[in-house]
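my_file23.txt, holding compact mmCIF, C-alpha atoms:
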```txt
# COMPACT_ATOMS: atom_id res chain seq x y z
CA MET R 27 42.98 -1.00 -62.52
CA GLU R 28 39.85 -2.94 -61.71
CA ALA R 29 37.46 -4.81 -64.02
CA ARG R 30 33.92 -5.50 -62.91
CA GLY R 31 30.56 -6.69 -64.13
CA VAL R 32 30.66 -8.61 -67.40
CA LEU R 33 27.30 -7.76 -68.95
CA GLY R 34 27.20 -10.01 -71.99
CA ARG R 35 25.50 -8.89 -75.21
CA ALA R 36 23.67 -5.98 -73.56
CA GLY R 37 26.83 -4.24 -72.44
CA GLY R 38 30.56 -4.49 -71.87
CA VAL R 39 32.94 -4.72 -68.98
CA ILE R 40 32.97 -1.89 -66.44
CA GLU R 41 36.52 -0.90 -65.53
CA THR R 42 37.76 1.78 -63.17
CA THR R 43 41.01 3.49 -62.37
CA ALA R 44 42.28 6.86 -61.16
CA VAL R 45 44.77 9.39 -62.47
CA ASN R 46 46.04 12.08 -60.11
CA GLY R 47 42.93 11.71 -57.97
CA VAL R 48 40.58 11.91 -60.98
CA GLN R 49 38.28 8.88 -60.90
CA ILE R 50 37.70 7.19 -64.27
CA VAL R 51 34.96 4.67 -65.02
CA CYS R 52 34.67 3.13 -68.48
CA GLU R 53 32.45 0.61 -70.19
CA ASN R 54 33.61 -0.78 -73.52
CA ILE R 55 30.71 -1.77 -75.79
CA PRO R 56 32.57 -2.97 -78.89
CA TYR R 57 29.59 -3.27 -81.24
CA LEU R 58 28.85 0.48 -80.99
CA ARG R 59 30.50 3.01 -83.30
CA SER R 60 29.97 5.96 -80.97
CA VAL R 61 31.15 6.90 -77.50
CA SER R 62 29.62 9.08 -74.80
CA PHE R 63 31.84 10.62 -72.18
CA GLY R 64 31.48 13.20 -69.47
CA ILE R 65 33.64 15.32 -67.25
CA TRP R 66 31.67 15.42 -64.01
CA ILE R 67 32.27 17.76 -61.09
CA ASN R 68 30.99 16.79 -57.67
CA ALA R 69 29.76 20.32 -56.98
CA GLY R 70 26.53 22.14 -57.70
CA SER R 71 24.24 24.89 -56.55
CA ARG R 72 24.23 23.72 -52.93
CA ASP R 73 27.98 24.46 -52.73
CA GLU R 74 27.63 28.18 -53.53
CA PRO R 75 27.54 31.08 -51.07
CA ASP R 76 23.98 32.26 -50.38
CA ASP R 77 24.64 35.69 -51.85
CA LYS R 78 26.10 34.19 -55.04
CA ALA R 79 23.37 31.63 -55.75
CA GLY R 80 23.45 30.61 -59.41
CA LEU R 81 27.26 30.76 -59.58
CA PHE R 82 27.84 27.22 -60.88
CA HIS R 83 25.05 27.58 -63.44
CA PHE R 84 26.59 30.88 -64.59
CA LEU R 85 30.01 29.20 -64.82
CA GLU R 86 28.59 26.33 -66.87
CA HIS R 87 27.15 28.83 -69.38
CA LEU R 88 30.38 30.78 -69.67
CA VAL R 89 32.76 27.93 -70.52
CA PHE R 90 31.32 27.95 -74.05
CA LYS R 91 32.22 31.62 -74.54
CA GLY R 92 35.96 31.28 -74.95
CA ALA R 93 38.66 28.72 -74.11
CA ALA R 94 42.22 27.85 -75.11
CA GLY R 95 42.44 30.40 -77.92
CA ARG R 96 38.93 29.77 -79.25
CA GLY R 97 36.18 32.36 -79.20
CA ALA R 98 32.51 31.53 -78.70
CA ARG R 99 31.86 31.15 -82.44
CA ALA R 100 34.92 28.94 -82.97
CA ILE R 101 33.76 26.67 -80.15
CA ASN R 102 30.29 26.33 -81.69
CA VAL R 103 31.79 25.64 -85.14
CA GLU R 104 34.06 22.92 -83.72
CA ILE R 105 31.14 21.31 -81.89
CA ASP R 106 29.15 21.16 -85.14
CA GLU R 107 32.14 19.82 -87.09
CA LEU R 108 32.48 16.94 -84.63
CA GLY R 109 29.21 15.61 -85.99
CA GLY R 110 27.95 14.75 -82.51
CA ASN R 111 26.65 16.53 -79.44
CA VAL R 112 28.38 18.51 -76.71
CA ASP R 113 26.28 19.71 -73.79
CA ALA R 114 26.42 20.69 -70.14
CA PHE R 115 24.13 20.97 -67.13
CA THR R 116 24.14 22.03 -63.50
CA SER R 117 22.18 20.35 -60.72
CA ARG R 118 22.04 20.87 -56.97
CA GLU R 119 25.00 18.56 -56.36
CA THR R 120 26.77 18.06 -59.70
CA THR R 121 27.94 19.83 -62.83
CA ALA R 122 28.63 17.89 -66.03
CA TYR R 123 30.15 18.53 -69.44
CA ILE R 124 29.20 15.69 -71.76
CA ALA R 125 29.69 14.64 -75.37
CA HIS R 126 28.45 11.92 -77.73
CA VAL R 127 30.60 11.43 -80.83
CA LEU R 128 31.84 8.75 -83.21
CA GLY R 129 34.72 6.77 -81.76
CA GLU R 130 37.20 8.18 -84.28
CA ARG R 131 36.43 11.74 -83.09
CA LEU R 132 37.00 10.98 -79.40
CA ASP R 133 40.44 12.60 -79.13
CA GLN R 134 39.28 15.88 -80.62
CA ALA R 135 36.05 15.90 -78.61
CA PHE R 136 37.81 15.13 -75.33
CA ASP R 137 40.39 17.87 -75.91
CA LEU R 138 37.60 20.35 -76.62
CA VAL R 139 35.57 19.47 -73.52
CA ALA R 140 38.73 19.43 -71.38
CA ASP R 141 39.64 22.89 -72.72
CA LEU R 142 36.17 24.16 -71.80
CA THR R 143 36.40 22.91 -68.23
CA LEU R 144 40.07 23.73 -67.59
CA ASP R 145 41.02 26.69 -69.80
CA SER R 146 37.99 28.93 -70.20
CA VAL R 147 38.96 32.61 -70.17
CA PHE R 148 35.64 34.25 -69.17
CA PRO R 149 35.83 37.51 -71.19
CA GLU R 150 34.15 40.39 -69.35
CA GLU R 151 31.98 41.30 -72.35
CA GLU R 152 30.73 37.70 -72.59
CA ILE R 153 30.00 37.64 -68.86
CA GLU R 154 27.69 40.65 -69.19
CA LYS R 155 25.94 39.23 -72.26
CA GLU R 156 25.45 35.86 -70.59
CA ARG R 157 24.23 37.52 -67.40
CA GLN R 158 21.32 38.99 -69.35
CA ILE R 159 20.61 35.63 -70.99
CA ILE R 160 20.47 33.94 -67.58
CA LEU R 161 18.19 36.66 -66.22
CA ASP R 162 15.90 36.01 -69.20
CA GLU R 163 16.07 32.28 -68.38
CA ILE R 164 14.97 33.01 -64.80
CA ARG R 165 12.08 35.18 -66.02
CA MET R 166 11.08 32.57 -68.58
CA GLY R 167 10.99 29.95 -65.82
CA GLU R 168 8.73 32.21 -63.78
CA ASP R 169 6.37 32.37 -66.78
CA ASN R 170 6.22 28.56 -66.88
CA PRO R 171 4.04 27.39 -63.97
CA THR R 172 5.15 23.74 -64.19
CA GLU R 173 8.72 24.95 -63.64
CA SER R 174 8.20 27.86 -61.27
CA ILE R 175 6.08 25.85 -58.83
CA PHE R 176 9.07 23.59 -58.14
CA ASP R 177 11.41 26.59 -57.80
CA ARG R 178 9.01 27.81 -55.11
CA LEU R 179 8.58 24.42 -53.45
CA TYR R 180 12.20 23.81 -52.45
CA PRO R 181 12.72 27.02 -50.43
CA LEU R 182 9.30 26.48 -48.87
CA ARG R 183 10.20 22.95 -47.76
CA TRP R 184 13.86 23.59 -46.88
CA PRO R 185 13.94 27.27 -45.88
CA GLY R 186 17.42 28.71 -45.41
CA HIS R 187 19.12 25.51 -46.60
CA PRO R 188 21.36 25.32 -49.71
CA LEU R 189 19.14 22.59 -51.21
CA GLY R 190 16.26 25.04 -51.11
CA ARG R 191 17.87 27.55 -53.47
CA PRO R 192 16.97 27.67 -57.18
CA ILE R 193 19.80 26.28 -59.33
CA THR R 194 19.73 29.39 -61.53
CA GLY R 195 19.80 31.74 -58.54
CA SER R 196 17.74 34.93 -58.41
CA GLU R 197 18.03 38.22 -60.28
CA GLU R 198 19.68 39.74 -57.22
CA THR R 199 22.31 37.01 -56.77
CA VAL R 200 23.07 36.66 -60.49
CA ASN R 201 23.66 40.40 -60.70
CA ALA R 202 26.09 40.11 -57.75
CA ILE R 203 28.32 37.47 -59.39
CA THR R 204 31.68 38.80 -60.63
CA ARG R 205 34.37 37.41 -62.89
CA ASP R 206 36.55 36.82 -59.82
CA ASP R 207 33.77 34.68 -58.30
CA ILE R 208 33.59 32.60 -61.47
CA VAL R 209 37.35 32.08 -61.77
CA ARG R 210 37.63 31.21 -58.08
CA ALA R 211 34.82 28.64 -58.28
CA ARG R 212 36.43 26.97 -61.30
CA ASP R 213 39.89 26.92 -59.73
CA ILE R 214 38.66 25.49 -56.42
CA PHE R 215 36.02 22.99 -57.50
CA TYR R 216 37.02 21.86 -61.00
CA ARG R 217 39.88 19.80 -59.56
CA PRO R 218 40.43 16.42 -57.92
CA PRO R 219 39.01 14.87 -55.81
CA ARG R 220 35.80 16.35 -57.20
CA LEU R 221 36.50 15.30 -60.81
CA PHE R 222 34.99 12.14 -62.29
CA ILE R 223 35.41 10.99 -65.90
CA SER R 224 32.87 8.53 -67.26
CA ALA R 225 32.75 6.92 -70.73
CA SER R 226 30.65 4.29 -72.44
CA GLY R 227 30.62 2.88 -75.97
CA ASN R 228 33.37 2.37 -78.52
CA VAL R 229 36.19 3.15 -76.07
CA THR R 230 38.60 1.34 -73.76
CA LEU R 231 39.81 2.22 -70.30
CA GLU R 232 43.40 2.42 -71.59
CA LYS R 233 42.32 5.04 -74.11
CA MET R 234 40.48 7.10 -71.51
CA LYS R 235 43.38 6.82 -69.09
CA LYS R 236 45.80 8.26 -71.68
CA LEU R 237 43.43 11.15 -72.45
CA VAL R 238 42.97 11.95 -68.76
CA GLU R 239 46.71 11.70 -68.01
CA ARG R 240 47.46 14.14 -70.83
CA ARG R 241 44.98 16.76 -69.69
CA PHE R 242 44.53 16.24 -65.94
CA GLY R 243 47.70 14.45 -64.85
CA GLY R 244 49.59 17.51 -63.65
CA MET R 245 46.85 19.58 -62.05
CA GLY R 246 46.77 20.35 -58.34
CA GLN R 247 44.19 19.33 -55.79
CA GLY R 248 41.11 21.39 -55.05
CA ALA R 249 38.45 21.62 -52.36
CA PRO R 250 37.70 18.37 -50.47
CA ILE R 251 34.24 16.86 -50.77
CA GLU R 252 32.43 17.77 -47.56
CA ARG R 253 28.70 17.21 -47.33
CA PRO R 254 26.45 17.06 -44.25
CA SER R 255 25.26 13.71 -42.93
CA SER R 256 22.02 14.92 -41.32
CA PRO R 257 19.02 16.00 -43.43
CA PRO R 258 17.83 19.63 -43.45
CA GLN R 259 14.98 20.77 -41.25
CA ILE R 260 11.61 20.49 -42.97
CA LYS R 261 8.92 23.16 -42.87
CA THR R 262 5.50 21.54 -43.13
CA GLY R 263 2.26 23.20 -44.10
CA GLY R 264 0.65 24.71 -47.15
CA GLN R 265 0.98 27.89 -49.17
CA ILE R 266 -1.14 29.38 -51.93
CA VAL R 267 0.42 31.74 -54.47
CA ASN R 268 -2.29 33.59 -56.39
CA LYS R 269 -1.32 34.11 -60.01
CA PRO R 270 -3.46 34.77 -63.13
CA LEU R 271 -3.14 31.43 -64.91
CA GLU R 272 -5.54 29.18 -66.78
CA GLN R 273 -5.03 26.29 -64.35
CA ALA R 274 -4.30 25.71 -60.69
CA HIS R 275 -1.03 23.84 -60.20
CA ILE R 276 -0.44 21.71 -57.10
CA VAL R 277 2.67 20.14 -55.61
CA LEU R 278 2.41 18.01 -52.48
CA SER R 279 5.70 16.76 -51.04
CA VAL R 280 6.93 14.47 -48.27
CA PRO R 281 10.41 13.20 -47.32
CA GLY R 282 12.11 10.79 -49.69
CA VAL R 283 15.29 8.74 -49.32
CA ARG R 284 18.91 9.79 -49.81
CA MET R 285 20.82 8.82 -52.94
CA ALA R 286 22.85 5.97 -51.46
CA SER R 287 20.01 4.59 -49.33
CA ARG R 288 19.42 0.86 -49.47
CA ARG R 289 15.74 1.73 -49.88
CA ARG R 290 16.28 3.62 -53.14
CA ASN R 291 14.70 0.87 -55.24
CA GLN R 292 11.74 0.62 -52.87
CA MET R 293 11.34 4.36 -53.43
CA ALA R 294 11.36 3.91 -57.20
CA ILE R 295 8.77 1.11 -57.04
CA LEU R 296 6.52 3.07 -54.66
CA ASN R 297 6.73 6.03 -57.04
CA THR R 298 5.73 3.85 -60.00
CA ILE R 299 2.76 2.32 -58.18
CA LEU R 300 1.44 5.61 -56.86
CA GLY R 301 1.91 7.91 -59.83
CA GLY R 302 4.60 6.75 -62.22
CA GLY R 303 2.57 5.61 -65.21
CA ALA R 304 -0.82 5.23 -66.87
CA SER R 305 -1.65 2.21 -64.68
CA SER R 306 -0.70 4.03 -61.45
CA ARG R 307 -3.25 4.68 -58.72
CA LEU R 308 -3.25 8.45 -59.11
CA PHE R 309 -3.66 8.38 -62.88
CA GLN R 310 -6.36 5.74 -62.81
CA LYS R 311 -8.37 7.32 -59.99
CA ILE R 312 -8.06 11.08 -60.54
CA ARG R 313 -7.77 11.25 -64.31
CA GLU R 314 -9.42 8.12 -65.70
CA GLU R 315 -12.17 7.49 -63.12
CA MET R 316 -12.93 11.01 -61.81
CA GLY R 317 -11.90 13.00 -64.89
CA LEU R 318 -10.51 15.87 -62.79
CA VAL R 319 -7.12 16.45 -64.43
CA TYR R 320 -5.18 16.05 -67.64
CA SER R 321 -1.80 15.88 -65.89
CA ILE R 322 -0.93 14.16 -62.61
CA HIS R 323 2.14 12.21 -61.59
CA SER R 324 4.40 11.44 -58.66
CA PHE R 325 8.12 12.18 -58.56
CA PHE R 326 11.16 11.72 -56.35
CA GLU R 327 14.62 13.26 -56.11
CA GLN R 328 17.62 12.10 -54.09
CA TYR R 329 20.58 13.94 -52.59
CA VAL R 330 23.53 13.07 -50.37
CA GLU R 331 21.73 13.31 -47.04
CA THR R 332 18.04 13.52 -47.93
CA GLY R 333 15.38 13.16 -50.60
CA ILE R 334 11.97 14.39 -51.61
CA PHE R 335 8.89 12.49 -52.82
CA GLY R 336 5.77 14.14 -54.08
CA ILE R 337 2.87 14.60 -56.44
CA TYR R 338 2.25 17.24 -59.10
CA ALA R 339 -1.13 17.95 -60.68
CA ALA R 340 -2.78 20.69 -62.72
CA CYS R 341 -6.52 21.25 -62.91
CA ALA R 342 -9.29 23.76 -63.52
CA PRO R 343 -9.36 26.22 -60.59
CA ASP R 344 -12.90 25.26 -59.55
CA LEU R 345 -11.82 21.60 -59.23
CA LEU R 346 -8.89 22.36 -56.94
CA GLU R 347 -10.43 21.16 -53.69
CA LYS R 348 -11.68 17.92 -55.26
CA VAL R 349 -8.25 17.19 -56.72
CA TRP R 350 -6.59 18.03 -53.40
CA SER R 351 -8.87 15.72 -51.40
CA ALA R 352 -8.59 12.87 -53.90
CA THR R 353 -4.80 13.17 -54.01
CA LEU R 354 -4.51 13.00 -50.22
CA GLU R 355 -6.83 10.01 -50.16
CA GLU R 356 -4.67 8.15 -52.66
CA MET R 357 -1.43 9.01 -50.84
CA GLU R 358 -2.76 7.95 -47.47
CA GLY R 359 -4.77 5.12 -48.99
CA ILE R 360 -1.66 3.28 -50.07
CA ILE R 361 -1.02 2.65 -46.36
CA LYS R 362 -4.56 1.37 -45.68
CA ASN R 363 -4.66 -0.52 -48.98
CA PRO R 364 -1.07 -1.70 -49.53
CA PRO R 365 0.21 -2.46 -53.03
CA SER R 366 -0.95 -5.81 -54.31
CA HIS R 367 1.33 -8.49 -55.64
CA GLU R 368 0.10 -7.66 -59.16
CA GLU R 369 0.93 -3.97 -58.74
CA LEU R 370 4.40 -4.83 -57.47
CA VAL R 371 5.09 -7.21 -60.37
CA ARG R 372 3.90 -4.61 -62.89
CA ALA R 373 6.01 -1.83 -61.33
CA LYS R 374 9.12 -4.00 -61.25
CA SER R 375 8.54 -5.00 -64.86
CA MET R 376 8.33 -1.33 -65.85
CA SER R 377 11.53 -0.53 -63.96
CA VAL R 378 13.49 -3.45 -65.38
CA GLY R 379 12.25 -2.70 -68.90
CA ALA R 380 13.30 0.95 -68.66
CA LEU R 381 16.67 -0.09 -67.25
CA LYS R 382 17.33 -2.59 -70.06
CA MET R 383 16.44 0.00 -72.69
CA SER R 384 18.77 2.53 -71.06
CA PHE R 385 21.64 0.13 -71.77
CA GLU R 386 21.06 0.73 -75.48
CA SER R 387 22.11 4.36 -74.96
CA PRO R 388 25.81 4.99 -74.26
CA ASN R 389 24.87 8.44 -72.96
CA ALA R 390 22.47 6.98 -70.39
CA ARG R 391 25.06 4.40 -69.33
CA MET R 392 27.78 7.03 -69.03
CA SER R 393 25.56 9.13 -66.75
CA GLN R 394 24.48 6.14 -64.66
CA MET R 395 28.07 5.08 -64.02
CA ALA R 396 29.26 8.59 -63.17
CA LEU R 397 26.55 9.13 -60.56
CA GLN R 398 27.02 5.65 -59.10
CA GLU R 399 30.75 6.22 -58.71
CA MET R 400 30.05 9.55 -56.98
CA TYR R 401 27.34 8.36 -54.62
CA TYR R 402 27.93 4.62 -54.16
CA GLY R 403 31.68 4.44 -54.77
CA LYS R 404 31.05 1.76 -57.39
CA ALA R 405 29.47 1.64 -60.85
CA LEU R 406 26.88 -1.13 -61.00
CA SER R 407 26.46 -3.61 -63.82
CA ARG R 408 23.10 -4.22 -65.48
CA ASP R 409 22.72 -7.53 -63.65
CA GLU R 410 23.43 -5.90 -60.29
CA MET R 411 20.83 -3.20 -60.89
CA ILE R 412 18.22 -5.69 -62.07
CA GLU R 413 18.91 -7.89 -59.05
CA GLU R 414 18.38 -4.91 -56.71
CA ILE R 415 15.02 -4.16 -58.34
CA ASN R 416 13.90 -7.77 -58.18
CA GLU R 417 14.75 -7.92 -54.46
CA VAL R 418 12.07 -5.31 -53.68
CA ASP R 419 9.07 -6.93 -51.98
CA GLU R 420 5.63 -5.87 -50.76
CA ARG R 421 6.80 -5.61 -47.17
CA GLY R 422 9.57 -3.17 -48.03
CA VAL R 423 7.33 -0.94 -50.17
CA CYS R 424 4.57 -0.95 -47.54
CA GLY R 425 7.04 -0.10 -44.79
CA LEU R 426 8.42 2.81 -46.80
CA ALA R 427 4.92 4.12 -47.54
CA GLU R 428 4.02 3.96 -43.86
CA SER R 429 7.12 5.94 -42.88
CA LEU R 430 6.66 8.66 -45.51
CA LEU R 431 2.93 9.05 -46.09
CA ASP R 432 1.59 9.27 -42.54
CA GLY R 433 0.26 12.83 -42.96
CA ARG R 434 2.72 14.46 -40.54
CA GLN R 435 5.43 15.65 -42.95
CA TYR R 436 3.56 17.23 -45.87
CA THR R 437 4.61 20.48 -47.53
CA ALA R 438 2.23 21.74 -50.21
CA LEU R 439 2.11 24.58 -52.68
CA VAL R 440 -0.68 25.77 -54.96
CA LEU R 441 0.00 28.21 -57.80
CA GLY R 442 -2.74 29.80 -59.89
CA PRO R 443 -6.01 31.76 -59.82
CA VAL R 444 -7.08 30.65 -56.36
CA LYS R 445 -9.89 32.40 -54.49
CA LYS R 446 -9.53 33.67 -50.95
CA GLY R 447 -10.31 31.14 -48.27
CA ARG R 448 -9.16 28.15 -50.30
CA ASP R 449 -6.29 27.64 -47.87
CA LYS R 450 -8.87 25.97 -45.61
CA MET R 451 -8.51 22.91 -47.81
CA PHE R 452 -5.09 22.27 -46.28
CA ARG R 453 -5.62 19.82 -43.46
CA LYS R 454 -3.71 17.55 -41.14
CA TRP R 455 -0.77 19.90 -40.72
CA PRO R 456 1.06 19.21 -37.45
```
Kindly transcribe the structure held in the file into structure tokens.
Amino acid sequence: MEARGVLGRAGGVIETTAVNGVQIVCENIPYLRSVSFGIWINAGSRDEPDDKAGLFHFLEHLVFKGAAGRGARAINVEIDELGGNVDAFTSRETTAYIAHVLGERLDQAFDLVADLTLDSVFPEEEIEKERQIILDEIRMGEDNPTESIFDRLYPLRWPGHPLGRPITGSEETVNAITRDDIVRARDIFYRPPRLFISASGNVTLEKMKKLVERRFGGMGQGAPIERPSSPPQIKTGGQIVNKPLEQAHIVLSVPGVRMASRRRNQMAILNTILGGGASSRLFQKIREEMGLVYSIHSFFEQYVETGIFGIYAACAPDLLEKVWSATLEEMEGIIKNPPSHEELVRAKSMSVGALKMSFESPNARMSQMALQEMYYGKALSRDEMIEEINEVDERGVCGLAESLLDGRQYTALVLGPVKKGRDKMFRKWP
């Protein structure tokens, strides 16, 4: 057992241990009455076969349809009776089953979530009902341009790569998934060393260790964690998808940094300065000064071996070319006009403030620690995270901007009522 990072009044002591290859990270915050915990699986949509894309998302849906002698209704009733929240999600690299309950309900909640992840029965009739629900979810996403444009961006940027696939899969692949596929995925991936248990709040490591030993202590090992070390090939260029919408939606992307990169905080600060708030360059220039958009922001995502950084905007179709040109000018302008000391101080203040507030949420802390254990091999204390942010300087942010925003690695997508010939606005493609 290892204790790390005394956080003082804003948090507790982070402790870690392992049971049967299941990694446990726990933060006791004694003044809270509630506890958040999660059973995390280091597997997501990128780990599926191409022809079964959407498998892990399908599996995540189905665990709530019957487990350990409970039917779907009984599971929902028990969740409500806990008086807290039980939820789940699937990402490209992780799947998580999480709960937030009062400390005195921890045993019951943990047993329920463990039953869902370990002992789901996947009734055939529920599989077919849920298949239709997921197909409706895919269609609903297609009807939402702010969602569907990103589903189109990833396969455009990373064609043929697992990171490029939609997390929900497609109608074709979801229809191809069988009960045997679901059971096999659970039995292979929902096992150590891919299992991580994280908890924060009114809980101790000894308590979590006993719960994990009881439910996971005797299970066998599953698939090893094998992820590539080199980033996927990038396809640069632009694409226009004509669709009858009220607005034109734009996403412009460039490479980012991988999850465990030492430059991850530089990435976060660059994102804040360029388009991460109301004082950012994009918001001030394109919305406040030029009045071209209601919505514009930058974003970044990080994975094991790569990352993505970009800008999203939505505008009136006849303003598309103006928004496009102004966006490129701001992206490339941050190299010619590097962030000032004042911008850096403001961005770091925003980041530190958001981080400190996240420590008031046991759910946020639980998620932070789980992902840090997965990607860094160590959960970081508040002071360690604040120190990393404060170490970011102008030189580091400028160097990162120069390496990412040089105009040679852009992939862009426009979705909406776009007239023929507008693709001429794409420029500087290699």
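Proximity to R:Ile322 was assessed for R:Thr353, R:Thr262, R:Gln158, R:Gln398 counting all atoms listed in the file; the smallest distance is recorded for R:Thr353.
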Q: Tell me, as a count of residues only, which residues lie within 9 Å of R:Ser279, counting all atoms listed in the file; anything in the same chain fewer than 3 positions away does not count.
A: 13
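Here the question is which of R:Gln310, R:Ser287, R:Thr121, R:Ser324 gets nearest to R:Tyr402 using all atoms listed in the file, and that residue is R:Ser287.
Of the residues under consideration (R:Leu406, R:Val280, R:Glu399, R:Arg253), R:Arg253 shows the shortest atom-to-atom contact distance to R:Glu331 when counting only C-alpha atoms.
Around R:Gly227, within 7 Å and counting all atoms listed in the file, the residues found are R:Glu53, R:Asn54, R:Ile55, R:Pro56, R:Leu58, R:Ser60, R:Val61, R:Ser62, R:Pro388, once anything fewer than 3 positions away on its own chain is removed.
Counting all atoms listed in the file, the residue from R:Leu85, R:Ile208, R:Val147, R:Val229 that sits nearest to R:Ile160 is R:Leu85.
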(Q) Residues within 12 Å of stretch 359-365 of chain R, please, as a PyMOL selection string. Count all atoms listed in the file; anything in the same chain fewer than 2 positions from it doesn't count. (A) chain R and resi 292+295-301+306-308+311+351-357+367-373+419-433
If you take all atoms listed in the file and a cut-off of 12 Å, which residues of stretch 315-411 of chain R touch stretch 185-201 of chain R, and what are their nearest atom pairs and distances in Å to one decimal, in chain and number order, as CSV?
```
residue,atom,partner,partner_atom,distance
R:Glu327,CA,R:Leu189,CA,11.5
R:Gln328,CA,R:Leu189,CA,11.0
R:Tyr329,CA,R:Leu189,CA,8.9
R:Val330,CA,R:Leu189,CA,10.5
R:Glu331,CA,R:Leu189,CA,10.5
R:Thr332,CA,R:Leu189,CA,9.7
R:Gly333,CA,R:Leu189,CA,10.2
R:Ile334,CA,R:Leu189,CA,10.9
```
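Atom CA of R:Arg59 to atom CA of R:Asp141 spans 24.3 Å [interatomic distance, one decimal].
Nearest residue to R:Ile50, choosing from R:Glu358, R:Asp106, R:Asp169, R:Glu232 and counting all atoms listed in the file: R:Glu232.
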Would you kindly place N, CA and C atoms on stretch 273-285 of chain R and return the model as an mmCIF file, keeping the file's coordinate frame?
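Printed below is part.cif as written:
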```
data_model
loop_
_atom_site.group_PDB
_atom_site.id
_atom_site.type_symbol
_atom_site.label_atom_id
_atom_site.label_comp_id
_atom_site.auth_asym_id
_atom_site.auth_seq_id
_atom_site.Cartn_x
_atom_site.Cartn_y
_atom_site.Cartn_z
ATOM 1 N N GLN R 273 -4.845 27.447 -65.210
ATOM 2 C CA GLN R 273 -5.030 26.290 -64.350
ATOM 3 C C GLN R 273 -4.468 26.561 -62.962
ATOM 4 N N ALA R 274 -4.921 25.746 -62.015
ATOM 5 C CA ALA R 274 -4.300 25.710 -60.690
ATOM 6 C C ALA R 274 -3.306 24.556 -60.684
ATOM 7 N N HIS R 275 -2.089 24.836 -60.237
ATOM 8 C CA HIS R 275 -1.030 23.840 -60.200
ATOM 9 C C HIS R 275 -0.747 23.486 -58.735
ATOM 10 N N ILE R 276 -0.601 22.199 -58.470
ATOM 11 C CA ILE R 276 -0.440 21.710 -57.100
ATOM 12 C C ILE R 276 0.805 20.841 -57.004
ATOM 13 N N VAL R 277 1.596 21.061 -55.953
ATOM 14 C CA VAL R 277 2.670 20.140 -55.610
ATOM 15 C C VAL R 277 2.541 19.795 -54.133
ATOM 16 N N LEU R 278 2.493 18.522 -53.852
ATOM 17 C CA LEU R 278 2.410 18.010 -52.480
ATOM 18 C C LEU R 278 3.635 17.141 -52.248
ATOM 19 N N SER R 279 4.446 17.476 -51.234
ATOM 20 C CA SER R 279 5.700 16.760 -51.040
ATOM 21 C C SER R 279 5.822 16.202 -49.625
ATOM 22 N N VAL R 280 6.601 15.121 -49.542
ATOM 23 C CA VAL R 280 6.930 14.470 -48.270
ATOM 24 C C VAL R 280 8.409 14.098 -48.340
ATOM 25 N N PRO R 281 9.011 13.647 -47.242
ATOM 26 C CA PRO R 281 10.410 13.200 -47.320
ATOM 27 C C PRO R 281 10.576 12.031 -48.275
ATOM 28 N N GLY R 282 11.761 11.935 -48.872
ATOM 29 C CA GLY R 282 12.110 10.790 -49.690
ATOM 30 C C GLY R 282 13.265 10.042 -49.035
ATOM 31 N N VAL R 283 14.126 9.444 -49.838
ATOM 32 C CA VAL R 283 15.290 8.740 -49.320
ATOM 33 C C VAL R 283 16.540 9.331 -49.966
ATOM 34 N N ARG R 284 17.661 9.241 -49.279
ATOM 35 C CA ARG R 284 18.910 9.790 -49.810
ATOM 36 C C ARG R 284 19.427 8.922 -50.958
ATOM 37 N N MET R 285 20.367 9.469 -51.717
ATOM 38 C CA MET R 285 20.820 8.820 -52.940
ATOM 39 C C MET R 285 21.381 7.423 -52.702
#
```
